[in-house]
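Here's the structure, in structure tokens; my notes come after.
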Amino acid sequence: MSELKSIKTLKDIPRKEQFAPGHRLCAGCGIPQLVRFTLKAVPDPKIVVNATSCLEVASTIFPYTAWKIPWIHNAFENSAATASGIEAAFRALEKKKGIKKPKIIVFAGDGGTFDIGMQALSGALERGHDFIYICYDNEAYMNTGIQRSGATPKGAATTTSPAGRVIPGKQERKKDLIGIAIAHGIRYAATMNPAYPVDMYNKIVKAASIKGPVVLHYFTPCPTGWYFDPSLSIEVARLAVQTRLWPLYEYEDGKYKINIMVRRPKPIEDYFKLQRRFAHLLRPENKWLLDDIKKDIEENWKRLLRLAGIEA
Amino acid sequence: MFKRMSCKSNRNGERRMSVKSRRIGLNGDTAVAYAAKQANVDVISAYPITPQTIMVEKLAEYVNNGELDAVFIPVESEHTALSAAVGASLAGARVFTATASQGLALMYEILWIAAGLRTTVVMALGNRAFSPNINIHCSHDDLYAVRDTGWIELIAENVQEAYDLTLQAFKISEDKKVLFPSTISLDGFILTHSLEALYVIDDAYVENFLPPKDPVYPIDPNNPITYGPLDLQDYYIEHKKLQDYHFENSYPRILEIFQEYSEFTGRTYKPIKTYGLDDAEVAIMILGSSAGTARFVAKKLREKGQKVGVISLTLYRPFPVDKIKEATKGLKALAIMDRSLSFGSPGAQLYMDVASALVNEREKPLLFNVIYGLGGRDLTPDQVEYVFKKAQEYAKKGEVKELKLWVGVRE
């Protein structure tokens, strides 16, 4: 059996793969990196519960599967509920039959988490099931063709929040998933980003070491839905952090920690101009919206600094 | 208080161990909970809804008092109740849940998944009408909503049957020739909340009939399986054909388990129950607690020399087509009574089932549909007598004047 081990550099990452190549996720998609890292960081025995999502449809097209560990797909909105049942069953079977309880990992997209799966997630967090919930957030319903979700950022154009002449893209803010998760009294929650792999790996290790529910929120660039060249995936992801749009931070037992301190943020325009979903924001008539977004980013950063006890 | 049931021989002629029973008083809900406790379930995942609530309260009490070694998941909705039950069942646990009406409707998506993934979840339904308008009393809307989804459906007529069928449901669902989830229906309030005296098997004997679950392909990190993959045009239809094949093939096994339980307890279980059909010219077919009322009336009429009979079902899915064909032979008219509606359909659900079961029979009775008892309206002996009279009238004329008849409704 493998053990929990944090790493210092990428070279320390175990070689063993439990997510096979040949899956059909898009070139430049951030999801495979998350899955491979998670299966490496969480020791065996473990199982995966997957919400209906890009990952689900791209990794298990019958008669093929990319999964070398048990993998369960029930429906779209109920991955946390399914995990609850599995966790409860293993708790009972461990006691009655001595079957070792595996670690349970949920992968769900932003639609399956922020919107349709929110109730099931809230219930599972409140009940305190022992599982790792990972939301991979590509900021829209990519699997059905780029519709806006509660995770779509303000200003982004999607097929259901198009950049129209009157309404230029989504007008509402993204939900604060980590805030919602923490409000349930869970012990650990963190944000992750593929451009910061060591930080990401160690957060998964940390999550796996905690008994009880934990929530990880992963930023996954989507070349297909955000309209950028797949070779720029990691650059887009890195810019999201460097512009302070996607702060990397963690919460543990009441304490917040900003993992990547961005002292001199890059202009948000650098991030926006790489993606066609934001192209309209750089037009003069939409400057009001761009300014509004900049204000949101600044406020959110200040809020996190306050929570982390850092003077602005 | 103790009763030793008579010894019975099984088909091989061996003498079976007689089972020790006790006669106690329980209502329908507590009888089902008692059976689930005796089944030594591993996981209970349930959400309260009238009139099922007492079941989950009772089970929570058993767990919290240490009388039942199980994990109780107090979920936040019925959708999660069944979703968690699916996960727990796949993990290898014996799982119980219960719901009614709106709760069942909220579960609907997962009903198909529970069946298609071949889980062995057992679920009690305290039958209750669908909204609107909100009504907490008995209709059979919920039990009919399950009919297409791939679940075994058992229907209790009284509290004793609710108890017995719950124990049998676990055995049926977990049988390796079945592997489909089961529901046990009991009429909301009429059975869920009525106290009856019933025989319960002594704990020590339950395992003789119902050994611990021996799961087939449970979630096991040493033997990784992908459950519920994407299944497209190239395989989906084959999988559905297989599921259909296995569901149909569960029928003979269910009959064997009924037989086994009958021998075990001395209480007879068959997919359908008939009364007076040896010589009946007209009959009523009806589900649930009302069957007793129908038989009561039939008995009175038969005493007056009228050739009437009653058919009721203990097994609704898989639908016992052969038994229904056999039972309806020689009948001139059959009133099929539904405690539900199927808007815009040729008739309500049981009517459609029976009509399609008999459609190719050379000789079959005239069929008509009677709607009764919606939202807990009582079915009175007078109404049953009226239905028999209508059946006799149609039989005499050789034609059905009104295909859909309502009884017990103010005009």
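Just remember, in the structure tokens the first chain shown is A, the second B, etc., residues are 1-based per chain, and ligands are 1-based in the order shown.
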| Secondary structure check, strand (DSSP E) residues of region 68-251 of chain A, as a PyMOL selection string | chain A and resi 71-73+103-109+132-137+188-192+214-219+249-251
Selection from above, N, CA and C atoms, as a JSON list (two decimals), in the first residue's frame, can you write it?
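Final output, saved to out.json:
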```json
[["chain", "number", "residue", "atom", "x", "y", "z"],
["A", 71, "TRP", "N", -14.78, 2.74, -10.23],
["A", 71, "TRP", "CA", -15.32, 4.02, -10.68],
["A", 71, "TRP", "C", -16.83, 3.89, -10.79],
["A", 72, "ILE", "N", -17.55, 4.84, -10.20],
["A", 72, "ILE", "CA", -19.01, 4.75, -10.18],
["A", 72, "ILE", "C", -19.62, 6.04, -10.70],
["A", 73, "HIS", "N", -20.46, 5.91, -11.69],
["A", 73, "HIS", "CA", -21.25, 7.04, -12.15],
["A", 73, "HIS", "C", -22.70, 6.73, -11.90],
["A", 103, "LYS", "N", -10.65, 5.12, 0.46],
["A", 103, "LYS", "CA", -10.87, 6.57, 0.39],
["A", 103, "LYS", "C", -11.80, 6.83, -0.79],
["A", 104, "ILE", "N", -12.76, 7.71, -0.60],
["A", 104, "ILE", "CA", -13.72, 7.98, -1.67],
["A", 104, "ILE", "C", -13.47, 9.38, -2.22],
["A", 105, "ILE", "N", -13.28, 9.43, -3.53],
["A", 105, "ILE", "CA", -12.99, 10.69, -4.21],
["A", 105, "ILE", "C", -14.13, 10.99, -5.16],
["A", 106, "VAL", "N", -14.66, 12.19, -5.10],
["A", 106, "VAL", "CA", -15.68, 12.60, -6.07],
["A", 106, "VAL", "C", -15.06, 13.57, -7.05],
["A", 107, "PHE", "N", -15.31, 13.34, -8.34],
["A", 107, "PHE", "CA", -15.00, 14.34, -9.35],
["A", 107, "PHE", "C", -16.32, 14.83, -9.94],
["A", 108, "ALA", "N", -16.51, 16.13, -9.91],
["A", 108, "ALA", "CA", -17.71, 16.70, -10.53],
["A", 108, "ALA", "C", -17.34, 18.02, -11.16],
["A", 109, "GLY", "N", -18.04, 18.37, -12.20],
["A", 109, "GLY", "CA", -17.78, 19.65, -12.86],
["A", 109, "GLY", "C", -18.44, 20.80, -12.11],
["A", 132, "ILE", "N", -13.40, 12.98, -0.29],
["A", 132, "ILE", "CA", -12.75, 14.15, -0.89],
["A", 132, "ILE", "C", -13.61, 14.58, -2.07],
["A", 133, "TYR", "N", -14.14, 15.76, -2.02],
["A", 133, "TYR", "CA", -14.96, 16.25, -3.12],
["A", 133, "TYR", "C", -14.12, 17.22, -3.96],
["A", 134, "ILE", "N", -13.93, 16.89, -5.23],
["A", 134, "ILE", "CA", -13.15, 17.77, -6.10],
["A", 134, "ILE", "C", -14.03, 18.29, -7.22],
["A", 135, "CYS", "N", -14.18, 19.59, -7.24],
["A", 135, "CYS", "CA", -14.91, 20.22, -8.34],
["A", 135, "CYS", "C", -13.89, 20.69, -9.35],
["A", 136, "TYR", "N", -13.96, 20.15, -10.56],
["A", 136, "TYR", "CA", -13.12, 20.71, -11.61],
["A", 136, "TYR", "C", -13.98, 21.73, -12.36],
["A", 137, "ASP", "N", -13.49, 22.95, -12.36],
["A", 137, "ASP", "CA", -14.31, 24.09, -12.76],
["A", 137, "ASP", "C", -13.82, 24.62, -14.11],
["A", 188, "TYR", "N", -11.21, 21.20, 5.93],
["A", 188, "TYR", "CA", -10.22, 21.60, 4.94],
["A", 188, "TYR", "C", -10.88, 21.91, 3.60],
["A", 189, "ALA", "N", -10.45, 23.01, 2.98],
["A", 189, "ALA", "CA", -10.90, 23.36, 1.63],
["A", 189, "ALA", "C", -9.77, 24.13, 0.97],
["A", 190, "ALA", "N", -9.64, 23.98, -0.35],
["A", 190, "ALA", "CA", -8.54, 24.68, -1.03],
["A", 190, "ALA", "C", -8.86, 24.87, -2.51],
["A", 191, "THR", "N", -8.20, 25.86, -3.09],
["A", 191, "THR", "CA", -8.29, 26.04, -4.54],
["A", 191, "THR", "C", -7.02, 25.48, -5.17],
["A", 192, "MET", "N", -7.13, 25.04, -6.42],
["A", 192, "MET", "CA", -5.97, 24.43, -7.10],
["A", 192, "MET", "C", -5.95, 24.91, -8.55],
["A", 214, "VAL", "N", -13.84, 16.99, 2.69],
["A", 214, "VAL", "CA", -13.01, 18.12, 2.27],
["A", 214, "VAL", "C", -13.44, 18.52, 0.86],
["A", 215, "VAL", "N", -13.24, 19.77, 0.54],
["A", 215, "VAL", "CA", -13.63, 20.26, -0.79],
["A", 215, "VAL", "C", -12.43, 20.91, -1.45],
["A", 216, "LEU", "N", -12.13, 20.46, -2.66],
["A", 216, "LEU", "CA", -11.06, 21.06, -3.45],
["A", 216, "LEU", "C", -11.68, 21.65, -4.71],
["A", 217, "HIS", "N", -11.25, 22.86, -5.04],
["A", 217, "HIS", "CA", -11.82, 23.57, -6.18],
["A", 217, "HIS", "C", -10.71, 23.82, -7.20],
["A", 218, "TYR", "N", -10.83, 23.14, -8.32],
["A", 218, "TYR", "CA", -9.75, 23.11, -9.31],
["A", 218, "TYR", "C", -10.12, 23.91, -10.55],
["A", 219, "PHE", "N", -9.22, 24.77, -10.94],
["A", 219, "PHE", "CA", -9.40, 25.60, -12.13],
["A", 219, "PHE", "C", -8.94, 24.79, -13.33],
["A", 249, "TYR", "N", -5.45, 29.49, -2.49],
["A", 249, "TYR", "CA", -5.46, 29.58, -1.03],
["A", 249, "TYR", "C", -6.06, 28.31, -0.45],
["A", 250, "GLU", "N", -5.87, 28.17, 0.85],
["A", 250, "GLU", "CA", -6.46, 27.01, 1.52],
["A", 250, "GLU", "C", -7.00, 27.42, 2.88],
["A", 251, "TYR", "N", -7.90, 26.62, 3.34],
["A", 251, "TYR", "CA", -8.53, 26.82, 4.64],
["A", 251, "TYR", "C", -8.34, 25.55, 5.43]]
```
| query | When the cut-off is 10 Å and we count only C-alpha atoms, which residues of chain B are near chain A, given as number ranges by chain? | reply | B: 41-45, 69-77, 79-95, 109-110, 113-114, 117, 218-232, 234-236
| Spatial neighbours of region 352-356 of chain B, max dist 12 Å, only C-alpha atoms, sep filter under 6 positions, as an MDAnalysis selection string | chainID B and resid 144 147:148 284:286 311:313 316:325 327:328 334:338 341:342 345:346 364:369 403:404
Selected residues written out with C-alpha atoms, as a PDB file, in the first residue's frame:
```
ATOM      1  CA  TYR B 144     -47.699   2.859 -10.745  1.00  0.00           C
ATOM      2  CA  ARG B 147     -43.942   0.181 -13.062  1.00  0.00           C
ATOM      3  CA  ASP B 148     -41.745   0.897 -16.108  1.00  0.00           C
ATOM      4  CA  ILE B 284     -63.316  -7.432  -9.745  1.00  0.00           C
ATOM      5  CA  MET B 285     -59.570  -6.990  -9.943  1.00  0.00           C
ATOM      6  CA  ILE B 286     -58.158  -4.665  -7.316  1.00  0.00           C
ATOM      7  CA  ILE B 311     -58.646 -11.100  -8.123  1.00  0.00           C
ATOM      8  CA  SER B 312     -55.912  -9.168  -6.357  1.00  0.00           C
ATOM      9  CA  LEU B 313     -52.182  -8.992  -6.979  1.00  0.00           C
ATOM     10  CA  TYR B 316     -47.316  -6.312  -9.771  1.00  0.00           C
ATOM     11  CA  ARG B 317     -43.925  -6.268 -11.540  1.00  0.00           C
ATOM     12  CA  PRO B 318     -42.993  -8.491 -13.217  1.00  0.00           C
ATOM     13  CA  PHE B 319     -46.653  -8.649 -14.178  1.00  0.00           C
ATOM     14  CA  PRO B 320     -47.968 -12.197 -13.646  1.00  0.00           C
ATOM     15  CA  VAL B 321     -49.456 -12.507 -17.138  1.00  0.00           C
ATOM     16  CA  ASP B 322     -49.827 -16.301 -17.110  1.00  0.00           C
ATOM     17  CA  LYS B 323     -51.668 -16.301 -13.789  1.00  0.00           C
ATOM     18  CA  ILE B 324     -53.987 -13.550 -14.950  1.00  0.00           C
ATOM     19  CA  LYS B 325     -54.799 -15.363 -18.173  1.00  0.00           C
ATOM     20  CA  ALA B 327     -57.627 -16.687 -13.552  1.00  0.00           C
ATOM     21  CA  THR B 328     -59.766 -14.773 -16.032  1.00  0.00           C
ATOM     22  CA  LEU B 334     -64.022  -8.127 -15.341  1.00  0.00           C
ATOM     23  CA  ALA B 335     -64.034  -4.777 -13.571  1.00  0.00           C
ATOM     24  CA  ILE B 336     -60.466  -3.531 -13.171  1.00  0.00           C
ATOM     25  CA  MET B 337     -60.315  -1.077 -10.326  1.00  0.00           C
ATOM     26  CA  ASP B 338     -57.592   1.557 -10.283  1.00  0.00           C
ATOM     27  CA  LEU B 341     -55.493   7.954 -13.193  1.00  0.00           C
ATOM     28  CA  SER B 342     -53.497   7.884 -16.371  1.00  0.00           C
ATOM     29  CA  SER B 345     -54.841   6.816 -21.743  1.00  0.00           C
ATOM     30  CA  PRO B 346     -57.350   4.153 -22.788  1.00  0.00           C
ATOM     31  CA  LYS B 364     -61.601 -13.228 -22.708  1.00  0.00           C
ATOM     32  CA  PRO B 365     -63.963 -11.314 -20.473  1.00  0.00           C
ATOM     33  CA  LEU B 366     -65.317  -7.901 -21.280  1.00  0.00           C
ATOM     34  CA  LEU B 367     -63.086  -5.425 -19.483  1.00  0.00           C
ATOM     35  CA  PHE B 368     -63.932  -2.101 -17.954  1.00  0.00           C
ATOM     36  CA  ASN B 369     -62.100   0.311 -15.719  1.00  0.00           C
ATOM     37  CA  LEU B 403     -65.420   1.860 -20.242  1.00  0.00           C
ATOM     38  CA  LYS B 404     -64.436   4.180 -17.415  1.00  0.00           C
TER      39      LYS B 404
END
```
| remark: Of B:Lys304, B:Lys390, B:Tyr275, B:Phe209, the one nearest to Glu263 (chain B) when counting only C-alpha atoms is B:Phe209
| message | Among region 161-212 of chain B, which ones does DSSP assign to alpha helix (DSSP H) (computed from the backbone)? Answer as a ChimeraX atom specification. | response | /B:161-174,203-209
